[in-house]
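Dropping data_1.cif in here (mmCIF, N, CA and C atoms):
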data_work
loop_
_atom_site.label_atom_id
_atom_site.label_comp_id
_atom_site.auth_asym_id
_atom_site.auth_seq_id
_atom_site.Cartn_x
_atom_site.Cartn_y
_atom_site.Cartn_z
N MET A 1 0.84 -1.18 0.00
CA MET A 1 0.00 0.00 0.00
C MET A 1 0.89 1.25 0.00
N ALA A 2 0.57 2.21 -0.82
CA ALA A 2 1.33 3.45 -0.90
C ALA A 2 1.21 4.21 0.42
N ASN A 3 2.21 4.99 0.71
CA ASN A 3 2.21 5.76 1.94
C ASN A 3 1.45 7.07 1.77
N SER A 4 0.13 6.98 1.65
CA SER A 4 -0.68 8.19 1.63
C SER A 4 -0.86 8.67 3.06
N LEU A 5 -1.24 9.90 3.21
CA LEU A 5 -1.47 10.44 4.54
C LEU A 5 -2.54 9.62 5.26
N GLN A 6 -3.61 9.27 4.55
CA GLN A 6 -4.68 8.47 5.17
C GLN A 6 -4.18 7.11 5.62
N SER A 7 -3.32 6.47 4.82
CA SER A 7 -2.80 5.16 5.22
C SER A 7 -1.90 5.28 6.45
N LEU A 8 -1.21 6.40 6.58
CA LEU A 8 -0.38 6.61 7.76
C LEU A 8 -1.24 6.84 9.00
N PHE A 9 -2.35 7.56 8.86
CA PHE A 9 -3.29 7.72 9.98
C PHE A 9 -3.76 6.35 10.47
N GLN A 10 -4.13 5.50 9.52
CA GLN A 10 -4.61 4.16 9.87
C GLN A 10 -3.52 3.35 10.56
N ALA A 11 -2.30 3.43 10.04
CA ALA A 11 -1.19 2.68 10.63
C ALA A 11 -0.92 3.14 12.06
N ILE A 12 -0.99 4.44 12.31
CA ILE A 12 -0.80 4.96 13.67
C ILE A 12 -1.90 4.41 14.58
N ALA A 13 -3.13 4.45 14.13
CA ALA A 13 -4.26 3.97 14.94
C ALA A 13 -4.17 2.48 15.23
N GLN A 14 -3.60 1.72 14.30
CA GLN A 14 -3.54 0.26 14.45
C GLN A 14 -2.28 -0.23 15.16
N ALA A 15 -1.33 0.65 15.41
CA ALA A 15 -0.11 0.23 16.11
C ALA A 15 -0.48 -0.25 17.51
N ARG A 16 -0.03 -1.44 17.84
CA ARG A 16 -0.39 -2.06 19.12
C ARG A 16 0.38 -1.48 20.30
N ASP A 17 1.59 -1.00 20.03
CA ASP A 17 2.42 -0.48 21.11
C ASP A 17 3.48 0.45 20.54
N GLU A 18 4.25 1.03 21.42
CA GLU A 18 5.28 1.99 20.99
C GLU A 18 6.33 1.33 20.10
N ASN A 19 6.68 0.09 20.39
CA ASN A 19 7.67 -0.62 19.58
C ASN A 19 7.20 -0.77 18.14
N GLU A 20 5.95 -1.15 17.95
CA GLU A 20 5.41 -1.28 16.59
C GLU A 20 5.33 0.09 15.91
N LEU A 21 4.98 1.09 16.67
CA LEU A 21 4.95 2.45 16.12
C LEU A 21 6.33 2.85 15.62
N ARG A 22 7.36 2.57 16.41
CA ARG A 22 8.73 2.92 16.01
C ARG A 22 9.23 2.06 14.85
N SER A 23 9.05 0.76 14.95
CA SER A 23 9.70 -0.15 13.99
C SER A 23 8.99 -0.25 12.65
N HIS A 24 7.72 0.04 12.60
CA HIS A 24 7.00 -0.09 11.33
C HIS A 24 6.41 1.23 10.84
N VAL A 25 5.65 1.88 11.69
CA VAL A 25 4.92 3.07 11.26
C VAL A 25 5.86 4.23 10.98
N MET A 26 6.79 4.51 11.89
CA MET A 26 7.66 5.66 11.72
C MET A 26 8.59 5.50 10.52
N VAL A 27 8.92 4.29 10.17
CA VAL A 27 9.72 4.06 8.96
C VAL A 27 8.92 4.51 7.74
N ARG A 28 7.64 4.18 7.71
CA ARG A 28 6.78 4.61 6.60
C ARG A 28 6.60 6.13 6.58
N VAL A 29 6.46 6.72 7.75
CA VAL A 29 6.32 8.18 7.83
C VAL A 29 7.59 8.85 7.31
N SER A 30 8.73 8.30 7.68
CA SER A 30 10.01 8.84 7.20
C SER A 30 10.10 8.77 5.68
N GLU A 31 9.66 7.66 5.11
CA GLU A 31 9.64 7.53 3.64
C GLU A 31 8.69 8.56 3.03
N TYR A 32 7.56 8.77 3.66
CA TYR A 32 6.58 9.74 3.16
C TYR A 32 7.21 11.13 3.02
N PHE A 33 8.04 11.50 4.00
CA PHE A 33 8.68 12.81 3.98
C PHE A 33 10.04 12.81 3.27
N ALA A 34 10.41 11.70 2.67
CA ALA A 34 11.72 11.58 1.99
C ALA A 34 12.85 12.00 2.93
N ALA A 35 12.74 11.57 4.17
CA ALA A 35 13.74 11.89 5.19
C ALA A 35 14.72 10.73 5.31
N GLN A 36 15.98 11.06 5.49
CA GLN A 36 16.99 10.02 5.66
C GLN A 36 17.06 9.53 7.10
N ARG A 37 16.70 10.37 8.05
CA ARG A 37 16.71 9.98 9.46
C ARG A 37 15.43 10.48 10.13
N TRP A 38 15.07 9.81 11.20
CA TRP A 38 13.88 10.21 11.95
C TRP A 38 14.08 9.85 13.41
N GLY A 39 13.29 10.46 14.26
CA GLY A 39 13.30 10.12 15.67
C GLY A 39 11.92 10.37 16.27
N LEU A 40 11.55 9.52 17.20
CA LEU A 40 10.32 9.67 17.97
C LEU A 40 10.76 9.73 19.42
N PHE A 41 10.51 10.85 20.08
CA PHE A 41 11.04 11.08 21.41
C PHE A 41 9.92 11.38 22.39
N PHE A 42 10.00 10.73 23.54
CA PHE A 42 9.13 11.06 24.66
C PHE A 42 10.03 11.60 25.76
N PHE A 43 9.79 12.81 26.19
CA PHE A 43 10.71 13.49 27.09
C PHE A 43 10.92 12.75 28.40
N ASP A 44 9.90 12.05 28.89
CA ASP A 44 10.07 11.32 30.15
C ASP A 44 10.97 10.10 30.00
N GLN A 45 11.29 9.72 28.76
CA GLN A 45 12.18 8.58 28.53
C GLN A 45 13.62 9.02 28.27
N LEU A 46 13.85 10.32 28.16
CA LEU A 46 15.21 10.83 27.95
C LEU A 46 15.88 11.01 29.30
N PRO A 47 17.20 10.78 29.34
CA PRO A 47 17.90 11.04 30.61
C PRO A 47 17.88 12.53 30.91
N SER A 48 17.96 12.85 32.16
CA SER A 48 18.00 14.25 32.57
C SER A 48 19.17 14.94 31.89
N ILE A 49 18.98 16.19 31.51
CA ILE A 49 20.04 16.96 30.86
C ILE A 49 21.27 17.04 31.77
N GLU A 50 21.05 17.06 33.08
CA GLU A 50 22.18 17.16 34.00
C GLU A 50 23.01 15.88 34.05
N ILE A 51 22.38 14.76 33.73
CA ILE A 51 23.10 13.49 33.73
C ILE A 51 24.03 13.46 32.53
N ASN A 52 25.00 12.61 32.55
CA ASN A 52 26.03 12.51 31.52
C ASN A 52 25.42 12.19 30.16
N ILE A 53 24.95 13.19 29.47
CA ILE A 53 24.31 13.04 28.17
C ILE A 53 25.25 13.64 27.13
N ARG A 54 25.36 12.99 25.99
CA ARG A 54 26.30 13.41 24.94
C ARG A 54 26.10 14.87 24.57
N GLY A 55 27.19 15.53 24.26
CA GLY A 55 27.18 16.96 23.95
C GLY A 55 26.22 17.35 22.85
N ILE A 56 26.20 16.60 21.74
CA ILE A 56 25.35 16.97 20.61
C ILE A 56 23.87 16.84 20.97
N VAL A 57 23.53 15.83 21.77
CA VAL A 57 22.15 15.66 22.20
C VAL A 57 21.76 16.79 23.15
N LYS A 58 22.68 17.15 24.02
CA LYS A 58 22.42 18.25 24.95
C LYS A 58 22.16 19.55 24.19
N LEU A 59 22.94 19.81 23.14
CA LEU A 59 22.72 21.00 22.33
C LEU A 59 21.41 20.93 21.56
N ALA A 60 21.08 19.76 21.04
CA ALA A 60 19.83 19.60 20.28
C ALA A 60 18.61 19.87 21.15
N LEU A 61 18.70 19.53 22.43
CA LEU A 61 17.57 19.71 23.35
C LEU A 61 17.68 21.00 24.16
N SER A 62 18.48 21.93 23.68
CA SER A 62 18.67 23.20 24.36
C SER A 62 17.87 24.29 23.66
N VAL A 63 16.94 24.90 24.40
CA VAL A 63 16.17 26.00 23.81
C VAL A 63 17.05 27.22 23.57
N GLU A 64 18.16 27.33 24.27
CA GLU A 64 19.09 28.43 24.06
C GLU A 64 19.88 28.25 22.76
N HIS A 65 20.24 27.03 22.43
CA HIS A 65 21.10 26.76 21.27
C HIS A 65 20.31 26.43 20.00
N ASN A 66 19.21 25.73 20.13
CA ASN A 66 18.50 25.17 18.98
C ASN A 66 17.18 25.93 18.74
N PRO A 67 17.13 26.80 17.72
CA PRO A 67 15.91 27.58 17.47
C PRO A 67 14.73 26.72 17.04
N VAL A 68 14.97 25.58 16.41
CA VAL A 68 13.87 24.69 16.01
C VAL A 68 13.23 24.09 17.26
N PHE A 69 14.05 23.61 18.19
CA PHE A 69 13.52 23.05 19.43
C PHE A 69 12.82 24.13 20.25
N ARG A 70 13.41 25.33 20.30
CA ARG A 70 12.80 26.45 21.04
C ARG A 70 11.40 26.75 20.49
N TYR A 71 11.27 26.80 19.16
CA TYR A 71 9.97 27.07 18.54
C TYR A 71 8.97 25.96 18.91
N LEU A 72 9.41 24.71 18.84
CA LEU A 72 8.55 23.58 19.17
C LEU A 72 8.06 23.69 20.62
N VAL A 73 8.95 24.01 21.53
CA VAL A 73 8.59 24.13 22.95
C VAL A 73 7.64 25.31 23.18
N GLU A 74 7.91 26.43 22.53
CA GLU A 74 7.10 27.63 22.76
C GLU A 74 5.74 27.58 22.08
N HIS A 75 5.66 26.96 20.90
CA HIS A 75 4.44 27.02 20.10
C HIS A 75 3.65 25.71 20.02
N HIS A 76 4.28 24.59 20.40
CA HIS A 76 3.63 23.28 20.27
C HIS A 76 3.12 23.06 18.85
N ALA A 77 3.92 23.45 17.88
CA ALA A 77 3.53 23.37 16.47
C ALA A 77 4.70 22.87 15.63
N PRO A 78 4.40 22.19 14.53
CA PRO A 78 5.48 21.72 13.64
C PRO A 78 6.28 22.89 13.07
N VAL A 79 7.55 22.61 12.80
CA VAL A 79 8.45 23.64 12.30
C VAL A 79 9.58 22.98 11.52
N HIS A 80 10.12 23.70 10.55
CA HIS A 80 11.38 23.27 9.93
C HIS A 80 12.33 24.46 9.95
N GLU A 81 13.61 24.17 9.78
CA GLU A 81 14.63 25.19 10.03
C GLU A 81 14.48 26.42 9.14
N GLU A 82 14.01 26.27 7.90
CA GLU A 82 13.94 27.43 7.01
C GLU A 82 12.73 28.33 7.28
N LEU A 83 11.84 27.92 8.19
CA LEU A 83 10.80 28.83 8.65
C LEU A 83 11.38 29.87 9.61
N LEU A 84 12.49 29.51 10.24
CA LEU A 84 13.07 30.35 11.28
C LEU A 84 14.37 31.03 10.88
N LEU A 85 15.10 30.41 9.97
CA LEU A 85 16.45 30.85 9.65
C LEU A 85 16.62 31.07 8.16
N PRO A 86 17.55 31.92 7.76
CA PRO A 86 17.85 32.05 6.33
C PRO A 86 18.42 30.74 5.79
N PRO A 87 18.21 30.45 4.49
CA PRO A 87 18.77 29.23 3.91
C PRO A 87 20.27 29.11 4.20
N GLY A 88 20.68 27.92 4.61
CA GLY A 88 22.08 27.65 4.88
C GLY A 88 22.53 27.96 6.29
N MET A 89 21.77 28.74 7.04
CA MET A 89 22.16 29.12 8.40
C MET A 89 22.14 27.93 9.35
N TRP A 90 21.26 26.96 9.11
CA TRP A 90 21.14 25.82 10.01
C TRP A 90 22.46 25.09 10.18
N LYS A 91 23.26 24.97 9.11
CA LYS A 91 24.52 24.21 9.21
C LYS A 91 25.52 24.88 10.16
N THR A 92 25.34 26.16 10.47
CA THR A 92 26.21 26.78 11.47
C THR A 92 25.78 26.40 12.89
N ILE A 93 24.54 25.97 13.03
CA ILE A 93 24.02 25.54 14.33
C ILE A 93 24.25 24.05 14.52
N CYS A 94 24.01 23.28 13.47
CA CYS A 94 24.20 21.83 13.51
C CYS A 94 25.06 21.43 12.32
N SER A 95 26.26 21.00 12.58
CA SER A 95 27.21 20.71 11.50
C SER A 95 27.08 19.28 10.95
N ARG A 96 26.18 18.48 11.48
CA ARG A 96 26.05 17.10 11.01
C ARG A 96 25.58 17.08 9.56
N PHE A 97 26.28 16.32 8.72
CA PHE A 97 25.94 16.22 7.30
C PHE A 97 24.53 15.65 7.12
N ASP A 98 24.17 14.68 7.96
CA ASP A 98 22.85 14.03 7.81
C ASP A 98 21.72 14.87 8.41
N HIS A 99 22.05 16.04 8.93
CA HIS A 99 21.03 16.96 9.44
C HIS A 99 21.05 18.26 8.64
N GLY A 100 21.16 18.15 7.33
CA GLY A 100 21.17 19.33 6.46
C GLY A 100 19.88 20.11 6.53
N HIS A 101 18.78 19.41 6.70
CA HIS A 101 17.46 20.03 6.88
C HIS A 101 16.76 19.27 7.99
N VAL A 102 16.06 19.99 8.86
CA VAL A 102 15.36 19.35 9.97
C VAL A 102 13.92 19.83 10.03
N MET A 103 13.05 18.94 10.48
CA MET A 103 11.65 19.26 10.69
C MET A 103 11.21 18.52 11.94
N ALA A 104 10.48 19.19 12.80
CA ALA A 104 10.04 18.58 14.05
C ALA A 104 8.58 18.94 14.32
N GLY A 105 7.90 18.01 14.98
CA GLY A 105 6.51 18.23 15.34
C GLY A 105 6.25 17.78 16.77
N PRO A 106 5.25 18.36 17.41
CA PRO A 106 4.97 18.08 18.81
C PRO A 106 4.11 16.84 19.02
N ILE A 107 4.33 16.22 20.16
CA ILE A 107 3.42 15.21 20.68
C ILE A 107 2.90 15.80 21.99
N VAL A 108 1.59 15.99 22.06
CA VAL A 108 0.96 16.70 23.17
C VAL A 108 -0.03 15.78 23.87
N SER A 109 -0.05 15.86 25.19
CA SER A 109 -1.03 15.13 25.99
C SER A 109 -1.48 16.04 27.13
N ASN A 110 -2.77 16.18 27.31
CA ASN A 110 -3.32 17.03 28.37
C ASN A 110 -2.72 18.43 28.36
N SER A 111 -2.62 19.01 27.19
CA SER A 111 -2.10 20.36 26.99
C SER A 111 -0.62 20.53 27.31
N CYS A 112 0.09 19.43 27.50
CA CYS A 112 1.52 19.48 27.79
C CYS A 112 2.31 18.84 26.66
N LEU A 113 3.43 19.45 26.32
CA LEU A 113 4.33 18.87 25.34
C LEU A 113 5.04 17.69 26.00
N VAL A 114 4.76 16.48 25.52
CA VAL A 114 5.33 15.28 26.13
C VAL A 114 6.39 14.62 25.26
N GLY A 115 6.50 15.06 24.01
CA GLY A 115 7.47 14.46 23.12
C GLY A 115 7.51 15.19 21.80
N ALA A 116 8.26 14.62 20.88
CA ALA A 116 8.40 15.22 19.56
C ALA A 116 8.75 14.14 18.56
N VAL A 117 8.44 14.44 17.33
CA VAL A 117 8.86 13.60 16.22
C VAL A 117 9.74 14.49 15.34
N GLY A 118 10.85 13.94 14.87
CA GLY A 118 11.76 14.73 14.06
C GLY A 118 12.22 13.99 12.83
N PHE A 119 12.50 14.74 11.79
CA PHE A 119 12.96 14.18 10.52
C PHE A 119 14.12 15.03 10.01
N THR A 120 15.08 14.38 9.38
CA THR A 120 16.20 15.12 8.79
C THR A 120 16.45 14.64 7.37
N ARG A 121 16.99 15.55 6.60
CA ARG A 121 17.46 15.25 5.25
C ARG A 121 18.92 15.66 5.17
N VAL A 122 19.69 14.93 4.38
CA VAL A 122 21.11 15.25 4.24
C VAL A 122 21.28 16.54 3.46
N ARG A 123 22.44 17.15 3.63
CA ARG A 123 22.77 18.35 2.85
C ARG A 123 22.72 18.02 1.37
N GLY A 124 22.31 19.01 0.58
CA GLY A 124 22.23 18.82 -0.86
C GLY A 124 20.88 18.31 -1.33
N THR A 125 19.98 17.99 -0.40
CA THR A 125 18.63 17.58 -0.76
C THR A 125 17.69 18.75 -0.50
N PRO A 126 16.49 18.72 -1.06
CA PRO A 126 15.56 19.84 -0.86
C PRO A 126 15.18 20.02 0.61
N ALA A 127 14.96 21.25 0.99
CA ALA A 127 14.47 21.57 2.33
C ALA A 127 13.01 21.11 2.45
N PHE A 128 12.55 20.96 3.68
CA PHE A 128 11.14 20.68 3.90
C PHE A 128 10.34 21.92 3.50
N GLU A 129 9.09 21.71 3.11
CA GLU A 129 8.25 22.79 2.58
C GLU A 129 6.97 22.94 3.38
N ALA A 130 6.16 23.90 2.99
CA ALA A 130 4.90 24.18 3.69
C ALA A 130 3.98 22.96 3.72
N GLN A 131 3.90 22.21 2.63
CA GLN A 131 3.03 21.03 2.61
C GLN A 131 3.53 19.97 3.59
N ASP A 132 4.85 19.85 3.73
CA ASP A 132 5.40 18.92 4.72
C ASP A 132 4.96 19.31 6.13
N ILE A 133 4.99 20.61 6.42
CA ILE A 133 4.56 21.09 7.73
C ILE A 133 3.07 20.80 7.95
N ALA A 134 2.26 21.03 6.95
CA ALA A 134 0.82 20.75 7.06
C ALA A 134 0.58 19.27 7.31
N ASP A 135 1.28 18.41 6.57
CA ASP A 135 1.11 16.97 6.75
C ASP A 135 1.64 16.51 8.10
N LEU A 136 2.76 17.07 8.54
CA LEU A 136 3.29 16.71 9.85
C LEU A 136 2.32 17.16 10.95
N SER A 137 1.69 18.30 10.78
CA SER A 137 0.71 18.76 11.75
C SER A 137 -0.41 17.73 11.90
N ALA A 138 -0.91 17.23 10.79
CA ALA A 138 -1.97 16.22 10.83
C ALA A 138 -1.47 14.94 11.50
N LEU A 139 -0.27 14.51 11.17
CA LEU A 139 0.28 13.29 11.77
C LEU A 139 0.49 13.46 13.27
N CYS A 140 0.92 14.65 13.69
CA CYS A 140 1.11 14.89 15.12
C CYS A 140 -0.20 14.82 15.89
N LEU A 141 -1.30 15.24 15.27
CA LEU A 141 -2.61 15.09 15.91
C LEU A 141 -2.91 13.62 16.18
N HIS A 142 -2.56 12.77 15.24
CA HIS A 142 -2.83 11.34 15.39
C HIS A 142 -1.85 10.67 16.34
N LEU A 143 -0.63 11.18 16.43
CA LEU A 143 0.35 10.63 17.36
C LEU A 143 0.08 11.06 18.80
N SER A 144 -0.57 12.20 18.97
CA SER A 144 -0.76 12.77 20.32
C SER A 144 -1.83 12.06 21.11
#

When written as structure tokens, how does the structure in this file appear?
Amino acid sequence: MANSLQSLFQAIAQARDENELRSHVMVRVSEYFAAQRWGLFFFDQLPSIEINIRGIVKLALSVEHNPVFRYLVEHHAPVHEELLLPPGMWKTICSRFDHGHVMAGPIVSNSCLVGAVGFTRVRGTPAFEAQDIADLSALCLHLS
């Protein structure tokens, strides 16, 4: 079955547990967005920032350092780097080749941001666009 938005909604609804959501559904969602990498994060499952957490992860989860994460925390809305920054500026914030373009969306429960879903594309590939944000918004509603 093709990865239409409707088929992804159904797959999310039919996932029996978080493991199935990660191992099957999120792979399809990543393909839908032509993303090379993806992540599904629940903040209560991440180690405390104060605990020995790798430097790059600490920076990624820093509202002071990462404008995409800051926007997600402040607005509880999907975002990609070119909504906030001039083209090419993101690579000065995150030098990882496989994070040439980033897009993130909120997972919300009881009006609280409890997690996020993120997608990246390598440098040299197209940036995420307005339609990607609209589709991610819909998917985040189903994930929340």

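Once Ala116 (chain A) and its same-chain neighbours fewer than 5 positions away are set aside, Gly39, Leu40, Phe41, Phe42, Phe43, Ala104, Gly105, Pro106, Ile107 and Val108 of chain A remain within 8 Å of it when counting all atoms listed in the file.
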
Explicit residue set for the PyMOL selection byres ((chain A and resi 36) around 7), as a PyMOL selection string: chain A and resi 30+33-35+37-38+119-122

message: Distance cut-off 12 Å, centre (22.0, 28.3, 11.0) in file coordinates, counting only C-alpha atoms: which residues qualify? Return them as a PyMOL selection string.
response: chain A and resi 65-68+80-96+99-102

statement: Separating atom C of Ser109 (chain A) from atom N of Val29 (chain A), to the nearest tenth of an Å, is a gap of 22.9 Å

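Take atom N of Gln10 (chain A) and atom C of Gln131 (chain A): the distance between them is 17.4 Å.
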
- request: May I have the residues within 8 Å of His142 (chain A) as a list in words, using only C-alpha atoms and disregarding those fewer than 3 positions away in the same chain?
  value: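 Counting only C-alpha atoms, the residues come to Phe9, Ile12, Ala13, Ala138 and Leu139 of chain A.
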
Write out, as a PDB file, keeping the file's coordinate frame, the residues just selected, with N, CA and C atoms.
ATOM      1  N   PHE A   9      -2.350   7.560   8.860  1.00  0.00           N
ATOM      2  CA  PHE A   9      -3.290   7.720   9.980  1.00  0.00           C
ATOM      3  C   PHE A   9      -3.760   6.350  10.470  1.00  0.00           C
ATOM      4  N   ILE A  12      -0.990   4.440  12.310  1.00  0.00           N
ATOM      5  CA  ILE A  12      -0.800   4.960  13.670  1.00  0.00           C
ATOM      6  C   ILE A  12      -1.900   4.410  14.580  1.00  0.00           C
ATOM      7  N   ALA A  13      -3.130   4.450  14.130  1.00  0.00           N
ATOM      8  CA  ALA A  13      -4.260   3.970  14.940  1.00  0.00           C
ATOM      9  C   ALA A  13      -4.170   2.480  15.230  1.00  0.00           C
ATOM     10  N   ALA A 138      -0.910  17.230  10.790  1.00  0.00           N
ATOM     11  CA  ALA A 138      -1.970  16.220  10.830  1.00  0.00           C
ATOM     12  C   ALA A 138      -1.470  14.940  11.500  1.00  0.00           C
ATOM     13  N   LEU A 139      -0.270  14.510  11.170  1.00  0.00           N
ATOM     14  CA  LEU A 139       0.280  13.290  11.770  1.00  0.00           C
ATOM     15  C   LEU A 139       0.490  13.460  13.270  1.00  0.00           C
TER      16      LEU A 139
END

message: Considering only strand (DSSP E) as DSSP defines it on the backbone, what residues of chain A qualify? List them as an MDAnalysis selection string.
response: chainID A and resid 37:42 79:80 101:109 112:121

Separation of CA of Met103 (chain A) from CA of Val79 (chain A) in Å: 5.7 Å

- prompt: Per DSSP on the backbone, what are the alpha helix (DSSP H) residues of region 26-144 of chain A, as a PyMOL selection string?
  reply: chain A and resi 26-32+55-60+67-75+81-84+90-93+130-143

Could you turn the residues from that selection into a file that holds N, CA and C atoms, as a CSV table (one decimal), keeping the file's coordinate frame?
chain,number,residue,atom,x,y,z
A,26,MET,N,6.8,4.5,11.9
A,26,MET,CA,7.7,5.7,11.7
A,26,MET,C,8.6,5.5,10.5
A,27,VAL,N,8.9,4.3,10.2
A,27,VAL,CA,9.7,4.1,9.0
A,27,VAL,C,8.9,4.5,7.7
A,28,ARG,N,7.6,4.2,7.7
A,28,ARG,CA,6.8,4.6,6.6
A,28,ARG,C,6.6,6.1,6.6
A,29,VAL,N,6.5,6.7,7.8
A,29,VAL,CA,6.3,8.2,7.8
A,29,VAL,C,7.6,8.8,7.3
A,30,SER,N,8.7,8.3,7.7
A,30,SER,CA,10.0,8.8,7.2
A,30,SER,C,10.1,8.8,5.7
A,31,GLU,N,9.7,7.7,5.1
A,31,GLU,CA,9.6,7.5,3.6
A,31,GLU,C,8.7,8.6,3.0
A,32,TYR,N,7.6,8.8,3.7
A,32,TYR,CA,6.6,9.7,3.2
A,32,TYR,C,7.2,11.1,3.0
A,55,GLY,N,27.2,15.5,24.3
A,55,GLY,CA,27.2,17.0,24.0
A,55,GLY,C,26.2,17.4,22.8
A,56,ILE,N,26.2,16.6,21.7
A,56,ILE,CA,25.4,17.0,20.6
A,56,ILE,C,23.9,16.8,21.0
A,57,VAL,N,23.5,15.8,21.8
A,57,VAL,CA,22.2,15.7,22.2
A,57,VAL,C,21.8,16.8,23.2
A,58,LYS,N,22.7,17.2,24.0
A,58,LYS,CA,22.4,18.2,25.0
A,58,LYS,C,22.2,19.6,24.2
A,59,LEU,N,22.9,19.8,23.1
A,59,LEU,CA,22.7,21.0,22.3
A,59,LEU,C,21.4,20.9,21.6
A,60,ALA,N,21.1,19.8,21.0
A,60,ALA,CA,19.8,19.6,20.3
A,60,ALA,C,18.6,19.9,21.2
A,67,PRO,N,17.1,26.8,17.7
A,67,PRO,CA,15.9,27.6,17.5
A,67,PRO,C,14.7,26.7,17.0
A,68,VAL,N,15.0,25.6,16.4
A,68,VAL,CA,13.9,24.7,16.0
A,68,VAL,C,13.2,24.1,17.3
A,69,PHE,N,14.0,23.6,18.2
A,69,PHE,CA,13.5,23.0,19.4
A,69,PHE,C,12.8,24.1,20.2
A,70,ARG,N,13.4,25.3,20.3
A,70,ARG,CA,12.8,26.4,21.0
A,70,ARG,C,11.4,26.8,20.5
A,71,TYR,N,11.3,26.8,19.2
A,71,TYR,CA,10.0,27.1,18.5
A,71,TYR,C,9.0,26.0,18.9
A,72,LEU,N,9.4,24.7,18.8
A,72,LEU,CA,8.6,23.6,19.2
A,72,LEU,C,8.1,23.7,20.6
A,73,VAL,N,9.0,24.0,21.5
A,73,VAL,CA,8.6,24.1,23.0
A,73,VAL,C,7.6,25.3,23.2
A,74,GLU,N,7.9,26.4,22.5
A,74,GLU,CA,7.1,27.6,22.8
A,74,GLU,C,5.7,27.6,22.1
A,75,HIS,N,5.7,27.0,20.9
A,75,HIS,CA,4.4,27.0,20.1
A,75,HIS,C,3.6,25.7,20.0
A,81,GLU,N,13.6,24.2,9.8
A,81,GLU,CA,14.6,25.2,10.0
A,81,GLU,C,14.5,26.4,9.1
A,82,GLU,N,14.0,26.3,7.9
A,82,GLU,CA,13.9,27.4,7.0
A,82,GLU,C,12.7,28.3,7.3
A,83,LEU,N,11.8,27.9,8.2
A,83,LEU,CA,10.8,28.8,8.6
A,83,LEU,C,11.4,29.9,9.6
A,84,LEU,N,12.5,29.5,10.2
A,84,LEU,CA,13.1,30.4,11.3
A,84,LEU,C,14.4,31.0,10.9
A,90,TRP,N,21.3,27.0,9.1
A,90,TRP,CA,21.1,25.8,10.0
A,90,TRP,C,22.5,25.1,10.2
A,91,LYS,N,23.3,25.0,9.1
A,91,LYS,CA,24.5,24.2,9.2
A,91,LYS,C,25.5,24.9,10.2
A,92,THR,N,25.3,26.2,10.5
A,92,THR,CA,26.2,26.8,11.5
A,92,THR,C,25.8,26.4,12.9
A,93,ILE,N,24.5,26.0,13.0
A,93,ILE,CA,24.0,25.5,14.3
A,93,ILE,C,24.2,24.0,14.5
A,130,ALA,N,6.2,23.9,3.0
A,130,ALA,CA,4.9,24.2,3.7
A,130,ALA,C,4.0,23.0,3.7
A,131,GLN,N,3.9,22.2,2.6
A,131,GLN,CA,3.0,21.0,2.6
A,131,GLN,C,3.5,20.0,3.6
A,132,ASP,N,4.8,19.8,3.7
A,132,ASP,CA,5.4,18.9,4.7
A,132,ASP,C,5.0,19.3,6.1
A,133,ILE,N,5.0,20.6,6.4
A,133,ILE,CA,4.6,21.1,7.7
A,133,ILE,C,3.1,20.8,8.0
A,134,ALA,N,2.3,21.0,7.0
A,134,ALA,CA,0.8,20.8,7.1
A,134,ALA,C,0.6,19.3,7.3
A,135,ASP,N,1.3,18.4,6.6
A,135,ASP,CA,1.1,17.0,6.8
A,135,ASP,C,1.6,16.5,8.1
A,136,LEU,N,2.8,17.1,8.5
A,136,LEU,CA,3.3,16.7,9.8
A,136,LEU,C,2.3,17.2,11.0
A,137,SER,N,1.7,18.3,10.8
A,137,SER,CA,0.7,18.8,11.8
A,137,SER,C,-0.4,17.7,11.9
A,138,ALA,N,-0.9,17.2,10.8
A,138,ALA,CA,-2.0,16.2,10.8
A,138,ALA,C,-1.5,14.9,11.5
A,139,LEU,N,-0.3,14.5,11.2
A,139,LEU,CA,0.3,13.3,11.8
A,139,LEU,C,0.5,13.5,13.3
A,140,CYS,N,0.9,14.6,13.7
A,140,CYS,CA,1.1,14.9,15.1
A,140,CYS,C,-0.2,14.8,15.9
A,141,LEU,N,-1.3,15.2,15.3
A,141,LEU,CA,-2.6,15.1,15.9
A,141,LEU,C,-2.9,13.6,16.2
A,142,HIS,N,-2.6,12.8,15.2
A,142,HIS,CA,-2.8,11.3,15.4
A,142,HIS,C,-1.8,10.7,16.3
A,143,LEU,N,-0.6,11.2,16.4
A,143,LEU,CA,0.4,10.6,17.4
A,143,LEU,C,0.1,11.1,18.8

Region 114-133 of chain A: axis-aligned bounding box, 8 Å on each side, centre and edge lengths in Å, one decimal, as AutoDock Vina command-line options:
--center_x 12.9 --center_y 18.9 --center_z 12.4 --size_x 35.7 --size_y 26.6 --size_z 43.5
